[in-house]
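Student: Handing over final.txt, compact mmCIF, C-alpha atoms.
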# COMPACT_ATOMS: atom_id res chain seq x y z
CA MET A 1 79.78 104.02 78.66
CA ARG A 2 80.47 100.27 78.49
CA SER A 3 81.04 100.34 74.72
CA LYS A 4 83.38 103.31 75.17
CA THR A 5 85.42 101.35 77.74
CA ILE A 6 85.56 98.31 75.46
CA LYS A 7 86.72 100.50 72.58
CA LYS A 8 89.41 102.09 74.76
CA ASN A 9 90.56 98.70 76.06
CA PHE A 10 90.83 97.51 72.46
CA ILE A 11 92.65 100.54 71.03
CA ILE A 12 95.40 100.80 73.67
CA PRO A 13 96.79 97.24 73.17
CA LEU A 14 96.43 97.65 69.41
CA MET A 15 98.50 100.84 69.52
CA ALA A 16 101.12 99.12 71.67
CA ILE A 17 101.38 96.24 69.19
CA ALA A 18 101.56 98.64 66.22
CA THR A 19 104.31 100.67 67.93
CA PHE A 20 106.27 97.51 68.73
CA CYS A 21 106.00 96.30 65.12
CA PHE A 22 107.06 99.72 63.81
CA PHE A 23 110.24 99.83 65.88
CA LEU A 24 110.96 96.18 65.12
CA LEU A 25 110.79 96.88 61.38
CA MET A 26 112.87 100.02 61.84
CA GLY A 27 115.45 97.95 63.73
CA ILE A 28 115.65 95.50 60.82
CA LEU A 29 115.99 98.37 58.34
CA VAL A 30 118.74 100.06 60.39
CA GLY A 31 120.54 96.69 60.60
CA LYS A 32 120.49 96.33 56.81
CA LEU A 33 121.64 99.90 56.30
CA SER A 34 124.49 99.46 58.81
CA HIS A 35 125.66 96.38 56.91
CA ARG A 36 125.52 98.35 53.66
CA ASN A 37 127.59 101.13 55.31
CA GLY A 38 130.15 98.63 56.59
CA ILE A 39 129.27 99.49 60.20
CA SER A 40 129.00 96.72 62.78
CA LEU A 41 126.56 97.18 65.63
CA ILE A 42 128.11 94.24 67.49
CA GLU A 43 130.13 95.53 70.47
CA SER A 44 133.28 93.45 69.79
CA GLU A 45 133.53 94.75 66.22
CA SER A 46 132.37 98.32 66.88
CA SER A 47 134.63 101.37 66.88
CA VAL A 48 132.46 103.02 69.56
CA PRO A 49 132.36 101.59 73.12
CA PHE A 50 128.97 100.20 74.16
CA LEU A 51 128.40 102.74 76.95
CA MET A 52 129.25 105.62 74.63
CA LYS A 53 126.87 104.20 72.05
CA ILE A 54 124.03 104.19 74.60
CA VAL A 55 124.80 107.82 75.49
CA LEU A 56 124.83 108.80 71.82
CA ILE A 57 121.48 107.09 71.22
CA TYR A 58 119.86 108.96 74.12
CA VAL A 59 121.33 112.34 73.17
CA PHE A 60 120.66 111.95 69.45
CA SER A 61 117.11 110.71 70.11
CA PHE A 62 116.39 113.90 72.06
CA ILE A 63 117.90 116.04 69.29
CA CYS A 64 115.96 114.22 66.55
CA TRP A 65 112.68 114.46 68.49
CA ILE A 66 113.05 118.24 68.86
CA PHE A 67 114.11 118.54 65.21
CA GLN A 68 111.00 116.68 64.03
CA VAL A 69 108.72 118.90 66.15
CA ILE A 70 110.37 122.01 64.67
CA ILE A 71 110.15 120.90 61.03
CA HIS A 72 106.59 119.62 61.56
CA GLU A 73 105.38 123.00 62.81
CA SER A 74 107.50 124.72 60.15
CA GLY A 75 105.63 122.66 57.57
CA HIS A 76 102.33 124.05 58.85
CA LEU A 77 103.81 127.55 58.71
CA ILE A 78 105.08 127.18 55.12
CA GLY A 79 101.85 125.51 53.99
CA GLY A 80 99.78 128.27 55.54
CA LEU A 81 101.82 131.09 54.05
CA LEU A 82 101.65 129.48 50.60
CA THR A 83 97.84 129.38 50.72
CA GLY A 84 97.01 132.84 52.07
CA TYR A 85 97.07 132.33 55.86
CA LYS A 86 98.81 134.87 58.11
CA PHE A 87 101.28 134.13 60.90
CA VAL A 88 99.97 134.41 64.47
CA SER A 89 102.19 132.24 66.68
CA PHE A 90 104.74 129.45 66.54
CA ARG A 91 105.16 127.25 69.63
CA ILE A 92 107.77 124.55 70.35
CA PHE A 93 107.00 122.84 73.65
CA LYS A 94 106.17 125.83 75.91
CA ASN A 95 108.21 128.48 74.05
CA CYS A 96 105.85 130.51 71.89
CA ILE A 97 106.76 133.24 69.39
CA ILE A 98 103.88 135.57 68.56
CA LYS A 99 103.63 138.46 66.12
CA LYS A 100 101.88 141.59 67.31
CA ASP A 101 101.96 145.06 65.78
CA GLY A 102 104.54 143.86 63.27
CA LYS A 103 106.98 142.72 65.98
CA PHE A 104 107.87 139.26 67.29
CA HIS A 105 107.61 138.49 71.02
CA LEU A 106 108.56 135.44 73.09
CA LYS A 107 105.73 134.08 75.26
CA TYR A 108 105.09 130.84 77.15
CA LEU A 109 102.27 128.33 76.92
CA LYS A 110 102.19 124.62 77.77
CA ILE A 111 99.52 122.35 76.30
CA PRO A 112 99.78 118.72 77.48
CA GLY A 113 99.82 116.16 74.69
CA THR A 114 101.31 118.55 72.14
CA GLY A 115 104.95 119.18 71.23
CA GLY A 116 104.20 122.37 69.38
CA GLN A 117 101.64 124.41 67.47
CA CYS A 118 101.67 126.79 64.54
CA LEU A 119 98.65 129.07 64.78
CA MET A 120 97.72 131.09 61.71
CA ALA A 121 94.84 133.36 60.76
CA PRO A 122 92.74 132.15 57.83
CA PRO A 123 92.30 134.21 54.65
CA ILE A 124 89.76 136.99 55.29
CA ASP A 125 87.29 135.62 52.73
CA TYR A 126 87.01 132.10 54.21
CA ASN A 127 83.24 132.58 54.71
CA ILE A 128 82.52 132.96 51.01
CA LYS A 129 85.35 131.11 49.29
CA ASN A 130 86.43 127.50 49.25
CA VAL A 131 89.67 128.23 51.12
CA PRO A 132 92.36 125.53 50.79
CA PHE A 133 93.07 123.67 54.01
CA HIS A 134 95.04 120.52 53.07
CA VAL A 135 98.32 122.37 52.42
CA TYR A 136 98.25 124.15 55.80
CA ASN A 137 96.91 121.15 57.69
CA LEU A 138 99.21 118.54 56.13
CA GLY A 139 102.30 120.71 55.70
CA GLY A 140 103.75 119.26 58.90
CA VAL A 141 103.52 115.60 57.89
CA PHE A 142 104.88 116.49 54.44
CA MET A 143 108.02 117.91 56.08
CA ASN A 144 108.40 114.83 58.29
CA PHE A 145 108.16 112.58 55.25
CA ILE A 146 110.70 114.68 53.34
CA SER A 147 113.05 114.31 56.33
CA PHE A 148 112.56 110.52 56.19
CA LEU A 149 113.30 110.39 52.46
CA VAL A 150 116.44 112.52 52.84
CA SER A 151 117.71 110.38 55.74
CA ILE A 152 117.18 107.01 54.06
CA THR A 153 118.65 108.33 50.78
CA LEU A 154 121.79 109.47 52.59
CA LEU A 155 122.17 106.18 54.44
CA TRP A 156 121.61 104.17 51.25
CA ASN A 157 124.04 106.09 49.05
CA MET A 158 126.80 107.36 51.36
CA SER A 159 129.14 106.04 54.05
CA PHE A 160 129.35 107.65 57.48
CA SER A 161 131.25 107.32 60.73
CA GLU A 162 129.41 105.30 63.37
CA PRO A 163 128.22 108.32 65.43
CA MET A 164 126.93 110.08 62.29
CA PHE A 165 125.26 106.86 61.14
CA ILE A 166 123.46 106.61 64.50
CA LEU A 167 122.29 110.24 64.24
CA ILE A 168 120.94 109.94 60.69
CA SER A 169 119.36 106.54 61.43
CA LEU A 170 117.53 107.93 64.45
CA ASN A 171 116.36 110.91 62.40
CA MET A 172 115.02 108.48 59.78
CA VAL A 173 113.13 106.52 62.45
CA PHE A 174 111.66 109.58 64.18
CA SER A 175 110.76 111.19 60.82
CA LEU A 176 108.67 108.20 59.80
CA PHE A 177 107.22 107.86 63.31
CA PHE A 178 106.07 111.52 63.32
CA PHE A 179 104.68 111.11 59.82
CA LEU A 180 102.59 108.05 60.72
CA LEU A 181 101.57 109.48 64.11
CA ASN A 182 100.06 112.52 62.41
CA ILE A 183 98.84 111.19 59.05
CA ILE A 184 96.85 108.19 60.34
CA PRO A 185 93.51 109.69 61.51
CA PHE A 186 93.37 109.56 65.29
CA ASN A 187 91.39 111.25 68.04
CA SER A 188 93.17 111.03 71.39
CA THR A 189 94.52 113.88 73.54
CA VAL A 190 94.00 116.11 70.52
CA THR A 191 92.74 115.36 67.00
CA ASN A 192 95.70 114.86 64.67
CA ASP A 193 96.32 116.29 61.20
CA GLY A 194 95.05 113.22 59.36
CA TYR A 195 91.81 113.17 61.36
CA ASN A 196 91.19 116.87 60.70
CA SER A 197 91.90 116.59 56.97
CA VAL A 198 89.45 113.71 56.52
CA LEU A 199 86.83 115.53 58.62
CA PHE A 200 87.19 118.85 56.79
CA LYS A 201 86.99 117.18 53.39
CA LYS A 202 83.74 115.43 54.33
CA ASN A 203 82.11 118.21 56.34
CA LYS A 204 82.17 121.85 55.20
CA THR A 205 80.47 122.98 58.41
CA GLU A 206 83.28 121.52 60.53
CA ARG A 207 85.80 123.17 58.24
CA LEU A 208 84.06 126.53 58.73
CA TYR A 209 84.02 125.99 62.50
CA PHE A 210 87.77 125.36 62.38
CA PHE A 211 88.35 128.59 60.45
CA LYS A 212 86.23 130.54 62.95
CA ILE A 213 88.20 129.05 65.89
CA ILE A 214 91.59 130.02 64.49
CA ASP A 215 90.20 133.43 63.48
CA ILE A 216 89.00 134.08 67.06
CA ASN A 217 92.31 132.92 68.54
CA ALA A 218 94.23 135.10 66.10
CA GLN A 219 92.24 138.17 67.15
CA LEU A 220 92.69 137.36 70.84
CA SER A 221 96.42 136.95 70.30
CA ASN A 222 96.51 140.40 68.68
CA GLY A 223 95.01 141.96 71.80
CA LYS A 224 91.30 142.13 70.94
CA ARG A 225 88.92 141.28 73.80
CA PHE A 226 86.21 138.66 73.38
CA ARG A 227 83.44 141.26 73.52
CA ASP A 228 85.04 143.23 70.68
CA ILE A 229 85.03 140.26 68.28
CA ASP A 230 82.17 140.03 65.76
CA GLU A 231 79.37 137.92 67.25
CA SER A 232 78.96 136.06 63.94
CA LEU A 233 82.14 134.16 64.83
CA PHE A 234 80.27 132.53 67.74
CA PRO A 235 77.47 130.58 66.01
CA VAL A 236 77.37 127.75 68.57
CA LYS A 237 75.42 128.85 71.63
CA SER A 238 74.49 125.40 72.93
CA VAL A 239 75.71 121.82 72.54
CA ASN A 240 74.18 118.35 72.77
CA ASP A 241 75.37 114.75 73.12
CA ASN A 242 76.25 114.52 69.44
CA SER A 243 78.08 117.84 69.09
CA SER A 244 81.48 117.60 67.42
CA SER A 245 84.71 118.64 69.10
CA PHE A 246 84.90 121.78 66.94
CA GLU A 247 81.33 122.74 67.89
CA ILE A 248 82.25 122.33 71.55
CA GLN A 249 85.41 124.40 71.15
CA LEU A 250 83.34 127.19 69.61
CA PHE A 251 80.83 126.91 72.45
CA ILE A 252 83.60 127.25 75.06
CA LEU A 253 84.80 130.38 73.25
CA PHE A 254 81.20 131.64 73.23
CA LEU A 255 81.07 131.23 77.04
CA SER A 256 83.98 133.65 77.41
CA TYR A 257 82.48 136.00 74.81
CA SER A 258 79.15 136.02 76.66
CA PHE A 259 80.79 136.68 80.03
CA ASP A 260 82.99 139.46 78.65
CA LYS A 261 79.86 141.23 77.36
CA ASP A 262 77.78 141.24 80.53
CA PHE A 263 80.04 139.94 83.36
CA ASP A 264 77.25 137.64 84.56
CA LEU A 265 78.80 134.78 86.55
CA ASP A 266 75.47 133.06 87.16
CA LYS A 267 74.69 132.99 83.44
CA TYR A 268 78.18 131.67 82.75
CA CYS A 269 77.71 128.84 85.25
CA GLU A 270 74.25 128.08 83.89
CA ASN A 271 75.71 127.68 80.40
CA VAL A 272 78.46 125.42 81.77
CA ASN A 273 75.93 123.31 83.65
CA ASN A 274 73.93 122.85 80.46
CA ILE A 275 76.84 121.04 78.79
CA PRO A 276 75.79 117.37 78.49
CA LYS A 277 77.80 114.99 80.66
CA ASN A 278 77.99 112.23 78.04
CA LEU A 279 79.63 114.04 75.15
CA LYS A 280 81.00 111.59 72.58
CA ASN A 281 84.43 111.30 70.92
CA LEU A 282 85.98 114.22 72.76
CA PRO A 283 89.76 114.69 72.52
CA GLY A 284 91.30 114.28 75.98
CA ILE A 285 92.43 117.88 76.31
CA LEU A 286 88.96 119.22 75.45
CA LYS A 287 87.33 116.90 78.00
CA ASN A 288 89.74 118.19 80.64
CA GLU A 289 88.93 121.80 79.78
CA ILE A 290 85.19 121.15 80.10
CA ASP A 291 85.66 119.33 83.41
CA CYS A 292 87.68 122.30 84.70
CA GLU A 293 84.78 124.64 83.87
CA ARG A 294 82.35 122.25 85.60
CA LEU A 295 84.57 122.31 88.68
CA PHE A 296 84.66 126.11 88.53
CA SER A 297 80.86 126.23 88.61
CA LEU A 298 80.69 123.71 91.46
CA PHE A 299 83.33 125.52 93.52
CA LEU A 300 81.59 128.85 93.05
CA ASN A 301 78.11 127.61 93.92
CA ASN A 302 78.89 125.25 96.80
CA GLY A 303 78.17 122.27 94.56
CA ASP A 304 77.65 118.64 95.43
CA LYS A 305 80.80 117.19 97.05
CA GLU A 306 80.33 113.78 95.45
CA GLU A 307 80.15 115.37 92.01
CA ILE A 308 83.27 117.40 92.75
CA SER A 309 85.08 114.26 93.88
CA SER A 310 84.03 112.38 90.72
CA LEU A 311 85.44 115.18 88.56
CA GLU A 312 88.70 115.57 90.47
CA THR A 313 90.30 112.46 89.00
CA LYS A 314 94.03 111.81 89.05
CA ASN A 315 94.16 112.61 85.35
CA LEU A 316 92.41 115.99 85.74
CA LYS A 317 94.54 116.95 88.74
CA ARG A 318 97.65 116.16 86.70
CA PHE A 319 96.33 118.27 83.81
CA ILE A 320 95.70 121.23 86.13
CA SER A 321 99.12 120.81 87.73
CA LEU A 322 100.83 120.81 84.31
CA THR A 323 99.00 123.90 83.06
CA LYS A 324 98.45 126.07 86.15
CA ASP A 325 101.71 127.98 85.75
CA CYS A 326 101.06 129.16 82.20
CA MET A 327 97.25 129.01 81.67
CA VAL A 328 95.43 131.80 83.44
CA ASN A 329 92.04 130.01 83.43
CA LYS A 330 93.59 127.31 85.67
CA LYS A 331 94.67 130.05 88.06
CA ARG A 332 91.06 131.26 88.03
CA LEU A 333 89.88 127.74 88.93
CA LEU A 334 92.34 127.45 91.84
CA TYR A 335 91.49 130.98 92.96
CA THR A 336 87.78 130.09 93.08
CA LYS A 337 88.50 126.97 95.12
CA ALA A 338 90.67 128.89 97.58
CA LEU A 339 87.96 131.53 98.12
CA PHE A 340 84.65 129.67 97.99
CA VAL A 341 85.61 126.14 99.08
CA ASP A 342 88.61 126.56 101.38
CA ASN A 343 87.61 130.06 102.55
CA ASN A 344 91.25 131.05 102.37
CA PRO A 345 91.55 134.63 101.03
CA GLU A 346 95.32 134.69 101.72
CA GLU A 347 95.92 131.73 99.39
CA ALA A 348 93.54 133.24 96.85
CA GLU A 349 95.45 136.53 96.90
CA GLU A 350 98.71 134.66 96.28
CA ILE A 351 97.14 132.90 93.27
CA TYR A 352 95.86 136.23 91.98
CA ASN A 353 99.32 137.75 92.24
CA GLN A 354 100.74 134.80 90.32
CA SER A 355 98.14 135.47 87.61
CA ILE A 356 99.22 139.10 87.38
CA MET A 357 102.79 137.91 86.80
CA LEU A 358 101.62 135.96 83.72
CA GLU A 359 100.65 139.15 81.89
CA LYS A 360 103.93 139.71 80.02
CA SER A 361 104.44 136.06 79.08
CA TYR A 362 100.85 135.14 78.15
CA PRO A 363 100.46 134.62 74.37
CA SER A 364 96.76 135.56 74.13
CA GLU A 365 96.29 139.12 75.40
CA GLY A 366 92.53 139.19 74.80
CA GLU A 367 91.95 135.96 76.73
CA TYR A 368 94.13 137.22 79.58
CA ILE A 369 92.10 140.44 79.92
CA THR A 370 88.85 138.46 80.03
CA GLU A 371 90.21 136.15 82.71
CA LEU A 372 91.23 139.12 84.85
CA SER A 373 87.60 140.26 84.64
CA PHE A 374 86.63 136.89 86.13
CA PHE A 375 89.00 137.46 89.05
CA ASN A 376 87.58 140.90 89.75
CA LYS A 377 84.00 139.62 89.63
CA LEU A 378 84.86 136.66 91.89
CA LYS A 379 86.56 138.95 94.39
CA LYS A 380 83.46 141.16 94.59
CA ARG A 381 81.17 138.14 95.02
CA TYR A 382 83.30 136.78 97.87
CA ALA A 383 83.31 140.19 99.60
CA ALA A 384 79.52 140.42 99.31
CA LYS A 385 79.18 136.89 100.70
CA ALA A 386 81.49 137.72 103.62
CA GLU A 387 79.37 140.78 104.49
CA GLN A 388 76.25 138.64 104.75
CA LEU A 389 77.83 136.32 107.32
The structure given in the file should be rewritten as structure tokens.
Tutor:
Amino acid sequence: MRSKTIKKNFIIPLMAIATFCFFLLMGILVGKLSHRNGISLIESESSVPFLMKIVLIYVFSFICWIFQVIIHESGHLIGGLLTGYKFVSFRIFKNCIIKKDGKFHLKYLKIPGTGGQCLMAPPIDYNIKNVPFHVYNLGGVFMNFISFLVSITLLWNMSFSEPMFILISLNMVFSLFFFLLNIIPFNSTVTNDGYNSVLFKKNKTERLYFFKIIDINAQLSNGKRFRDIDESLFPVKSVNDNSSSFEIQLFILFLSYSFDKDFDLDKYCENVNNIPKNLKNLPGILKNEIDCERLFSLFLNNGDKEEISSLETKNLKRFISLTKDCMVNKKRLLYTKALFVDNNPEEAEEIYNQSIMLEKSYPSEGEYITELSFFNKLKKRYAAKAEQL
């Protein structure tokens, strides 16, 4: 734990320094390009008032940020299609387009720490063939780099008005920033594209786990329940301290598969409680998901209050708050707390009704159906408990 804290305390200042140096160098580059374009950034010599320039920078920064997210995810889409993957969903911020039964539908899903996601189904023969993964995985950073090259080429070879120069310059900066942010291997809130590419090249098992995960999610998105998915896609039925993040993701999916087969809440909680508490190198979002399942088990079984308090950190509460309106498993967590901790069936019923309202907008139909089974089982358990009192 101490070494992990030291590592974290070392990485955060290093990232801050690297970010500062990046924008400093970009500022120098933009200054040189403005001189080459005959544009003065000094207020007294500028054709655009200072206040207007600040407004343009803010507005154009927002536009460029969204543009880079879109072309990054589009790069994954193009790379996947070129190498035999099939479209499943395309998300920008919380707006998610899915394809089901040959038609496109708009759904909503918010995942903290991500600007977007392009989910595709792997080629059907990924178990027996050496399926390409670099083109799909690195398609996003390739598009960001192309955007950088186009922007700097335009600024170097053409003259623009000051507002247009600001727009293209900001696009150049954000293009390179997105490229570096995703190509340099990093494991933070989520593992980035560079990290995954290095991992998959070194470890064929991890690559296979990744293919199984996106295969499962693709089938869930198309309306198949967990219990109807081939059990061979759930090879990880337990984890240990050294399990990788992809092993743990598969195990979490196995938990839902197991519950959807036999509706055994006690078995589900037992599996959750068997997850080691000192898992290493977990992406932040995966750690939060595991802690939510631990809280679910504790809430349901009148668990130790000190342990509950240690899990309910400010960070986890913020994560739940950000996701509770579009992730049905967070509704299930809050529903369990309302019933079994607060003994408030009225609040629980309100949460349940909110969950029902998510049906049309939820991008993963199979996951949604499984979660509703949780609600029904929890409701029956609470009623049986109330009868005994």
Student: Neighbours of region 320-328 of chain A within 6 Å (only C-alpha atoms; same-chain residues fewer than 3 positions away dropped), as a tab-separated table (two decimals) with C-alpha atoms, in the coordinates of the input?
Tutor:
chain	number	residue	atom	x	y	z
A	109	LEU	CA	102.27	128.33	76.92
A	317	LYS	CA	94.54	116.95	88.74
A	331	LYS	CA	94.67	130.05	88.06
Student: Take CA of Leu82 (chain A) and CA of His134 (chain A) and report the distance between them in Å, one decimal.
Tutor: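 Value for the CA of Leu82 (chain A)-CA of His134 (chain A) distance: 11.4 Å.
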Student: Just the residues within 9 Å of Ile152 (chain A), please, counting only C-alpha atoms, with nothing from its chain fewer than 6 positions along; format it as a VMD selection string.
Tutor: chain A and resid 33 168 to 169 172
Student: Got a sec: who's within 10 Å of Phe90 (chain A), counting all atoms listed in the file, leaving out chain neighbours fewer than 2 positions off, as a list in words?
Tutor: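 So, after excluding close chain neighbours, the residues are Ile70, Glu73, Ser74, His76, Leu77, Phe87, Val88, Ile92, Phe93, Asn95, Cys96, Ile97, Ile98, Lys99, Leu106, Lys107, Gly116, Gln117, Cys118, Leu119 and Met120 of chain A.
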Student: Can you pull out the residues contacting region 239-255 of chain A? Cut-off 9 Å, using all atoms listed in the file, and skip same-chain residues under 2 positions away; I want them as a PyMOL selection string.
Tutor: chain A and resi 191+206-207+209-210+212-213+216+226+231+233-237+257-260+268+271-272+274-283+286+289-290
Student: Filtering to C-alpha atoms, could you give me those residues as a tab-separated table (two decimals), in the frame of the given file?
Tutor:
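Generated output (selection-v4.tsv):
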chain	number	residue	atom	x	y	z
A	191	THR	CA	92.74	115.36	67.00
A	206	GLU	CA	83.28	121.52	60.53
A	207	ARG	CA	85.80	123.17	58.24
A	209	TYR	CA	84.02	125.99	62.50
A	210	PHE	CA	87.77	125.36	62.38
A	212	LYS	CA	86.23	130.54	62.95
A	213	ILE	CA	88.20	129.05	65.89
A	216	ILE	CA	89.00	134.08	67.06
A	226	PHE	CA	86.21	138.66	73.38
A	231	GLU	CA	79.37	137.92	67.25
A	233	LEU	CA	82.14	134.16	64.83
A	234	PHE	CA	80.27	132.53	67.74
A	235	PRO	CA	77.47	130.58	66.01
A	236	VAL	CA	77.37	127.75	68.57
A	237	LYS	CA	75.42	128.85	71.63
A	257	TYR	CA	82.48	136.00	74.81
A	258	SER	CA	79.15	136.02	76.66
A	259	PHE	CA	80.79	136.68	80.03
A	260	ASP	CA	82.99	139.46	78.65
A	268	TYR	CA	78.18	131.67	82.75
A	271	ASN	CA	75.71	127.68	80.40
A	272	VAL	CA	78.46	125.42	81.77
A	274	ASN	CA	73.93	122.85	80.46
A	275	ILE	CA	76.84	121.04	78.79
A	276	PRO	CA	75.79	117.37	78.49
A	277	LYS	CA	77.80	114.99	80.66
A	278	ASN	CA	77.99	112.23	78.04
A	279	LEU	CA	79.63	114.04	75.15
A	280	LYS	CA	81.00	111.59	72.58
A	281	ASN	CA	84.43	111.30	70.92
A	282	LEU	CA	85.98	114.22	72.76
A	283	PRO	CA	89.76	114.69	72.52
A	286	LEU	CA	88.96	119.22	75.45
A	289	GLU	CA	88.93	121.80	79.78
A	290	ILE	CA	85.19	121.15	80.10
Student: Which neighbours of region 332-344 of chain A fall inside 10 Å, counting only C-alpha atoms, when residues of the same chain fewer than 3 positions from it are skipped, and could you give them as a PyMOL selection string?
Tutor: chain A and resi 292-303+320+324+327-329+347-352+355+371-372+374-375+378-379+381-383+385-386
Student: Please indicate the distance in Å from CA of Ile63 (chain A) to CA of Asn171 (chain A), rounded to one decimal place.
Tutor: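 Between these atoms lies a distance of 8.7 Å.
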Student: Counting all atoms listed in the file, find the residues whose atoms lie at most 12 Å from (119.2, 106.0, 51.4) (file coordinates) and write them out as a list in words.
Tutor: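 Within 12 Å of (119.2, 106.0, 51.4), the protein and nucleic acid residues are Leu29, Val30, Lys32, Leu33, Ser34, Arg36, Asn37, Ser147, Phe148, Leu149, Val150, Ser151, Ile152, Thr153, Leu154, Leu155, Trp156, Asn157, Met158, Ser159, Phe160, Phe165, Ile168, Ser169 and Met172 of chain A.
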Student: Pick the closest to Asn192 (chain A) from A:Ile54, A:Phe178, A:Lys377, A:Gly75: which is it, counting only C-alpha atoms?
Tutor: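 For Asn192 (chain A), the nearest of the candidates is A:Phe178.
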